[in-house]
$ cat model_37.cif   # mmCIF, C-alpha atoms and all ligand atoms
data_my_file
#
loop_
_atom_site.label_atom_id
_atom_site.label_comp_id
_atom_site.auth_asym_id
_atom_site.auth_seq_id
_atom_site.Cartn_x
_atom_site.Cartn_y
_atom_site.Cartn_z
CA LYS A 1 15.22 -56.68 -67.49
CA THR A 2 18.88 -55.76 -67.13
CA VAL A 3 21.94 -57.59 -65.89
CA PRO A 4 23.96 -54.66 -64.55
CA LEU A 5 27.73 -54.87 -64.48
CA LEU A 6 29.74 -53.62 -61.51
CA ALA A 7 33.23 -53.07 -62.79
CA GLY A 8 36.49 -51.45 -61.86
CA PRO A 9 39.86 -52.21 -60.36
CA CYS A 10 40.47 -54.53 -57.43
CA SER A 11 42.07 -51.65 -55.50
CA VAL A 12 41.88 -47.90 -55.76
CA GLU A 13 45.55 -47.02 -56.31
CA SER A 14 45.65 -43.34 -57.33
CA GLU A 15 43.41 -40.61 -58.67
CA GLU A 16 44.60 -41.10 -62.23
CA GLN A 17 44.16 -44.88 -61.98
CA ILE A 18 40.60 -44.89 -60.62
CA ILE A 19 39.36 -42.12 -62.88
CA SER A 20 40.75 -43.70 -66.03
CA ALA A 21 39.27 -47.07 -65.03
CA ALA A 22 35.93 -45.43 -64.21
CA ARG A 23 35.80 -43.75 -67.61
CA ALA A 24 36.71 -46.99 -69.36
CA VAL A 25 34.10 -49.15 -67.64
CA LYS A 26 31.42 -46.54 -68.11
CA LYS A 27 32.20 -46.32 -71.82
CA ALA A 28 31.86 -50.09 -72.10
CA GLY A 29 28.46 -50.09 -70.40
CA ALA A 30 29.08 -50.77 -66.69
CA ARG A 31 26.41 -49.34 -64.38
CA ILE A 32 28.37 -49.27 -61.13
CA LEU A 33 32.03 -48.54 -60.41
CA ARG A 34 33.75 -50.89 -58.02
CA GLY A 35 37.11 -50.35 -56.36
CA GLY A 36 38.59 -51.40 -53.04
CA ALA A 37 39.79 -48.77 -50.57
CA TYR A 38 40.02 -51.10 -47.59
CA LYS A 39 41.60 -54.32 -48.81
CA PRO A 40 41.50 -57.65 -46.97
CA ARG A 41 44.85 -59.13 -48.02
CA THR A 42 46.18 -62.56 -47.15
CA SER A 43 49.59 -61.14 -46.27
CA PRO A 44 50.02 -58.14 -43.98
CA TYR A 45 52.98 -57.12 -46.17
CA SER A 46 50.81 -56.75 -49.30
CA PHE A 47 49.20 -53.45 -50.31
CA GLN A 48 46.43 -52.79 -47.79
CA GLY A 49 44.50 -50.18 -49.77
CA LEU A 50 44.40 -46.39 -49.48
CA GLY A 51 41.66 -46.42 -46.84
CA ALA A 52 39.71 -43.18 -46.38
CA GLU A 53 41.79 -41.53 -49.12
CA GLY A 54 40.65 -44.31 -51.48
CA ILE A 55 37.03 -43.51 -50.67
CA ARG A 56 37.70 -39.85 -51.44
CA LEU A 57 39.13 -40.84 -54.84
CA LEU A 58 36.08 -43.01 -55.53
CA GLU A 59 33.90 -39.99 -54.78
CA LYS A 60 35.90 -38.03 -57.35
CA ALA A 61 35.46 -40.77 -59.94
CA LYS A 62 31.74 -40.82 -59.17
CA LYS A 63 31.52 -37.08 -59.73
CA GLU A 64 33.54 -37.36 -62.92
CA THR A 65 31.51 -40.18 -64.50
CA GLY A 66 28.15 -40.14 -62.72
CA LEU A 67 28.56 -43.83 -61.89
CA PRO A 68 27.41 -44.99 -58.45
CA VAL A 69 30.20 -46.62 -56.46
CA CYS A 70 30.62 -49.90 -54.63
CA THR A 71 33.43 -50.52 -52.17
CA GLU A 72 34.23 -52.92 -49.37
CA LEU A 73 33.69 -52.16 -45.69
CA MET A 74 35.97 -54.22 -43.45
CA SER A 75 35.17 -52.76 -40.06
CA VAL A 76 32.32 -50.79 -38.50
CA THR A 77 34.84 -48.17 -37.44
CA GLU A 78 35.23 -47.16 -41.12
CA LEU A 79 31.52 -46.61 -41.68
CA GLU A 80 31.86 -42.87 -41.12
CA TYR A 81 33.71 -42.59 -44.45
CA PHE A 82 30.98 -44.38 -46.41
CA ASP A 83 28.38 -41.59 -46.62
CA ASN A 84 28.78 -41.20 -50.40
CA VAL A 85 29.22 -44.90 -51.13
CA ASP A 86 26.16 -46.28 -52.93
CA LEU A 87 26.65 -50.00 -52.39
CA ILE A 88 28.61 -51.48 -49.50
CA GLN A 89 30.47 -54.71 -50.18
CA VAL A 90 31.01 -57.26 -47.44
CA GLY A 91 33.90 -59.37 -48.66
CA ALA A 92 34.25 -63.13 -48.55
CA ARG A 93 36.58 -62.96 -45.57
CA ASN A 94 34.02 -61.02 -43.55
CA PHE A 95 30.84 -62.79 -44.53
CA GLN A 96 30.32 -64.12 -41.02
CA ASN A 97 31.46 -61.03 -39.16
CA PHE A 98 28.16 -60.85 -37.34
CA ASP A 99 28.82 -57.52 -35.62
CA LEU A 100 29.51 -55.96 -39.02
CA LEU A 101 26.37 -57.54 -40.49
CA LYS A 102 24.21 -56.34 -37.60
CA GLU A 103 25.55 -52.81 -38.00
CA LEU A 104 24.82 -52.87 -41.73
CA GLY A 105 21.31 -53.97 -40.82
CA LYS A 106 20.89 -50.60 -39.16
CA SER A 107 22.17 -48.76 -42.24
CA ASN A 108 19.96 -47.75 -45.16
CA LYS A 109 22.53 -48.58 -47.82
CA PRO A 110 22.30 -51.61 -50.10
CA VAL A 111 24.76 -54.35 -49.19
CA LEU A 112 26.56 -56.71 -51.57
CA LEU A 113 27.22 -59.77 -49.44
CA LYS A 114 29.85 -62.12 -50.81
CA ARG A 115 29.87 -65.82 -50.03
CA GLY A 116 32.74 -66.90 -47.79
CA LEU A 117 35.72 -68.85 -49.10
CA SER A 118 34.25 -72.05 -47.68
CA GLY A 119 30.79 -70.75 -46.96
CA THR A 120 27.76 -72.94 -47.49
CA ILE A 121 24.63 -71.58 -49.15
CA ASN A 122 22.81 -71.82 -45.85
CA GLU A 123 25.52 -69.79 -44.12
CA LEU A 124 25.27 -67.16 -46.86
CA LEU A 125 21.51 -66.96 -46.41
CA MET A 126 21.84 -66.73 -42.64
CA SER A 127 24.36 -63.90 -42.99
CA ALA A 128 21.92 -62.07 -45.25
CA GLU A 129 19.32 -62.71 -42.56
CA TYR A 130 21.53 -60.93 -40.00
CA ILE A 131 21.37 -57.78 -42.12
CA MET A 132 17.67 -58.05 -42.89
CA ALA A 133 16.58 -58.99 -39.37
CA ASN A 134 18.20 -55.78 -38.19
CA GLY A 135 16.13 -53.68 -40.55
CA ASN A 136 17.93 -53.47 -43.90
CA GLU A 137 16.27 -55.57 -46.59
CA ASN A 138 18.47 -54.23 -49.37
CA VAL A 139 20.76 -57.22 -49.68
CA ILE A 140 22.36 -58.58 -52.83
CA LEU A 141 24.03 -61.99 -52.65
CA CYS A 142 27.29 -62.60 -54.47
CA GLU A 143 28.76 -65.94 -55.54
CA ARG A 144 32.51 -65.43 -55.99
CA GLY A 145 33.82 -68.98 -56.05
CA ILE A 146 34.47 -71.37 -53.20
CA ARG A 147 37.42 -73.48 -52.06
CA THR A 148 37.50 -77.05 -53.25
CA TYR A 149 40.24 -79.69 -53.25
CA ASP A 150 41.44 -78.46 -56.62
CA ASN A 151 43.54 -75.38 -57.22
CA TYR A 152 43.88 -75.10 -60.99
CA THR A 153 41.69 -72.04 -60.60
CA ARG A 154 41.82 -69.64 -57.65
CA ASN A 155 38.39 -70.81 -56.53
CA CYS A 156 35.61 -72.90 -58.01
CA LEU A 157 32.64 -70.98 -59.41
CA ASP A 158 29.46 -72.52 -58.07
CA VAL A 159 27.06 -71.67 -60.89
CA SER A 160 24.30 -73.75 -59.34
CA ALA A 161 24.19 -71.25 -56.49
CA VAL A 162 22.24 -68.92 -58.82
CA PRO A 163 19.22 -71.12 -59.57
CA TYR A 164 19.24 -72.47 -56.03
CA LEU A 165 19.30 -69.06 -54.36
CA HIS A 166 16.59 -67.88 -56.73
CA LYS A 167 14.49 -70.87 -55.70
CA VAL A 168 14.83 -70.43 -51.95
CA SER A 169 15.06 -66.65 -51.59
CA HIS A 170 13.82 -63.46 -53.22
CA LEU A 171 17.25 -61.81 -53.13
CA PRO A 172 19.17 -60.82 -56.27
CA VAL A 173 22.25 -62.87 -57.02
CA VAL A 174 25.41 -61.42 -58.53
CA ILE A 175 28.28 -63.49 -59.87
CA ASP A 176 31.90 -62.40 -59.58
CA PRO A 177 33.79 -64.39 -62.21
CA SER A 178 37.05 -62.53 -61.54
CA HIS A 179 37.67 -63.82 -58.01
CA ALA A 180 36.09 -67.15 -58.91
CA CYS A 181 38.80 -68.16 -61.37
CA GLY A 182 41.57 -65.64 -60.77
CA ILE A 183 42.68 -66.02 -64.40
CA ARG A 184 42.21 -63.16 -66.87
CA TRP A 185 41.50 -65.24 -69.98
CA MET A 186 38.88 -67.33 -68.18
CA VAL A 187 36.81 -64.42 -66.86
CA PRO A 188 34.77 -63.84 -70.07
CA VAL A 189 33.55 -67.42 -70.43
CA LEU A 190 32.51 -67.58 -66.76
CA ALA A 191 30.71 -64.27 -67.21
CA GLN A 192 28.76 -65.80 -70.09
CA CYS A 193 27.88 -68.79 -67.88
CA ALA A 194 26.66 -66.39 -65.20
CA VAL A 195 24.29 -64.68 -67.62
CA ALA A 196 23.03 -68.05 -68.87
CA ALA A 197 22.45 -69.19 -65.28
CA GLY A 198 20.24 -66.17 -64.68
CA ALA A 199 22.53 -64.02 -62.54
CA ASP A 200 21.03 -60.63 -61.73
CA GLY A 201 24.34 -58.83 -62.16
CA LEU A 202 28.07 -59.37 -62.52
CA GLU A 203 31.06 -57.97 -60.66
CA ILE A 204 34.15 -57.83 -62.86
CA GLU A 205 37.62 -56.47 -62.14
CA VAL A 206 38.99 -54.08 -64.77
CA HIS A 207 42.28 -52.17 -64.66
CA CYS A 208 43.91 -49.96 -67.30
CA ASN A 209 47.23 -51.68 -66.73
CA PRO A 210 46.37 -55.01 -65.08
CA GLU A 211 49.90 -56.38 -65.03
CA LYS A 212 50.99 -53.49 -62.85
CA ALA A 213 47.99 -53.69 -60.52
CA MET A 214 48.75 -53.58 -56.79
CA SER A 215 46.37 -56.47 -56.13
CA ASP A 216 44.81 -59.25 -58.20
CA ALA A 217 47.02 -58.51 -61.21
CA SER A 218 46.40 -61.88 -62.83
CA GLN A 219 42.62 -61.62 -63.08
CA GLN A 220 41.80 -58.04 -64.02
CA LEU A 221 40.65 -57.34 -67.57
CA THR A 222 42.01 -54.56 -69.72
CA PRO A 223 39.44 -51.97 -70.81
CA GLN A 224 39.54 -53.45 -74.30
CA GLN A 225 38.88 -56.97 -73.03
CA PHE A 226 36.04 -55.62 -70.93
CA GLU A 227 34.53 -53.81 -73.87
CA GLU A 228 34.67 -56.96 -75.99
CA LEU A 229 33.09 -58.87 -73.13
CA THR A 230 30.20 -56.45 -72.66
CA ALA A 231 29.41 -56.58 -76.37
CA LYS A 232 29.30 -60.36 -76.17
CA LEU A 233 27.31 -60.42 -72.93
CA ASN A 234 24.68 -58.18 -74.48
CA LYS A 235 24.11 -60.83 -77.14
CA TYR A 236 23.88 -63.57 -74.50
CA ALA A 237 21.52 -61.49 -72.38
CA ALA A 238 19.32 -60.81 -75.41
CA VAL A 239 18.70 -64.56 -75.70
CA GLU A 240 17.15 -64.35 -72.23
CA GLY A 241 15.21 -61.22 -73.18
CA LYS A 242 17.57 -59.07 -71.12
CA SER A 243 20.26 -56.45 -71.68
CA ILE A 244 23.43 -55.45 -69.87
C1 LIG A 301 37.33 -57.94 -53.98
O1 LIG A 301 36.18 -57.76 -54.41
O2 LIG A 301 38.33 -57.32 -54.41
C2 LIG A 301 37.54 -59.00 -52.97
C3 LIG A 301 38.54 -58.93 -52.11
O3 LIG A 301 36.64 -60.00 -53.09
P1 LIG A 301 36.42 -61.31 -52.21
O4 LIG A 301 36.01 -60.82 -50.85
O5 LIG A 301 35.34 -62.03 -52.93
O6 LIG A 301 37.72 -62.07 -52.17
MN MN A 302 40.17 -58.30 -56.01
#
$ encode --input "model_37.cif" --output "structure tokens" --more "lines below"
Ligand code: PEP
Ligand code: MN
Amino acid sequence: KTVPLLAGPCSVESEEQIISAARAVKKAGARILRGGAYKPRTSPYSFQGLGAEGIRLLEKAKKETGLPVCTELMSVTELEYFDNVDLIQVGARNFQNFDLLKELGKSNKPVLLKRGLSGTINELLMSAEYIMANGNENVILCERGIRTYDNYTRNCLDVSAVPYLHKVSHLPVVIDPSHACGIRWMVPVLAQCAVAAGADGLEIEVHCNPEKAMSDASQQLTPQQFEELTAKLNKYAAVEGKSI
């Protein structure tokens, strides 16, 4: 059994940026390239993503590396650009956008459904149900940290979501340690916890020059940090009889 890693930058910023990141994550062992083209940002004055052009650059990176790509869909009106996207991400801020979920239910693409910022497990399962009830059973759940009263980390990683979701549903569960903590140095240890908890995959943000990233600069790993992490995760996974 494998614990595939989805890795890549928070945002697609330029051709050079996404292709160099794609090469780096592939070299380190990632199975899927992630990168945001449509970005849900808290502030309307922050970088909003390259949109359709970002998808085009992801397609280039896919061609270049052979890696399948995962990117976020924010609105059904953008779906026409997603023909060559292999895995559609529904972000935390959209996890109860029921019209979007229903539309994805009519699509034949796998969907990575992220838990909302303050979403309960039941709400996450019901959102997955919206996609499946409309005909698409290819749903992957993603725990990416939830809001609590404390803010020493960006969010609070709910590791218990993994065994619980495995108990009550048949769906794979991915952990996103990057958005969970929002702190670069903490990502590796949370990734190890995710493997120990039995996560079916991990989504990790990686950028060739994280400090200069146009979004989520404080949490993205450098290619070297990611490579060190994958080597370590392989050892952890081996304990469970798995590999990365
Ligand atoms: C992302 O994956 O870059 C993202 C915006 O994630 P989330 O929806 O979990 O905040
Ligand atoms: Mn991000």
$ axis_aligned_box --input "model_37.cif" --around "segment 140-153 of chain A" --padding-each-side "8 Å" --output "lines of an AutoDock Vina configuration file"
center_x = 33.1
center_y = -69.1
center_z = -56.5
size_x = 37.5
size_y = 37.1
size_z = 24.9
$ closest_residue --input "model_37.cif" --among "A:Ile88, A:Ala213, A:Cys181, A:Ala22" --to "Lys63 of chain A" --atoms "all atoms listed in the file"
A:Ala22
$ closest_atom_pairs --input "model_37.cif" --of "chain A" --to "ligand LIG 301 (chain A)" --cutoff "7 Å" --atoms "only C-alpha atoms and all ligand atoms" --output "Markdown table"
| residue | atom | partner | partner_atom | distance |
| --- | --- | --- | --- | --- |
| A:Cys10 | CA | A:LIG301 | O2 | 4.6 |
| A:Ser11 | CA | A:LIG301 | O2 | 6.9 |
| A:Gly36 | CA | A:LIG301 | O2 | 6.1 |
| A:Lys39 | CA | A:LIG301 | C3 | 6.4 |
| A:Pro40 | CA | A:LIG301 | C3 | 6.1 |
| A:Gly91 | CA | A:LIG301 | O4 | 3.4 |
| A:Ala92 | CA | A:LIG301 | O4 | 3.7 |
| A:Arg93 | CA | A:LIG301 | O4 | 5.7 |
| A:Lys114 | CA | A:LIG301 | O5 | 5.9 |
| A:Arg144 | CA | A:LIG301 | O5 | 5.4 |
| A:His179 | CA | A:LIG301 | O5 | 5.9 |
$ residues_around --input "model_37.cif" --residues "Ser118 of chain A" --least-positions-apart "5" --cutoff "10 Å" --atoms "only C-alpha atoms" --output "PyMOL selection string"
chain A and resi 92-93+123+145-148+155
$ closest_residue --input "model_37.cif" --among "A:Leu165, A:Lys106, A:Ala7, A:Gln225" --to "Thr120 of chain A" --atoms "all atoms listed in the file"
A:Leu165
$ residues_around --input "model_37.cif" --residues "His166 of chain A" --least-positions-apart "2" --cutoff "12 Å" --atoms "all atoms listed in the file" --output "list in words"
Ile121, Leu125, Ile140, Leu141, Val159, Ser160, Ala161, Val162, Pro163, Tyr164, Val168, Ser169, His170, Leu171, Pro172, Val173, Val174, Ala197, Gly198, Ala199 and Asp200 of chain A
$ closest_residue --input "model_37.cif" --among "A:Gly201, A:Gly241, A:Gly182, A:Gly66" --to "ligand MN 302 (chain A)" --atoms "only C-alpha atoms and all ligand atoms"
A:Gly182
$ atom_distance --input "model_37.cif" --atom1 "atom CA of Ser215 of chain A" --atom2 "atom CA of Val187 of chain A"
16.4 Å
$ closest_residue --input "model_37.cif" --among "A:Gly54, A:Pro4, A:Gly35, A:Pro44" --to "ligand MN 302 (chain A)" --atoms "all atoms listed in the file"
A:Gly35
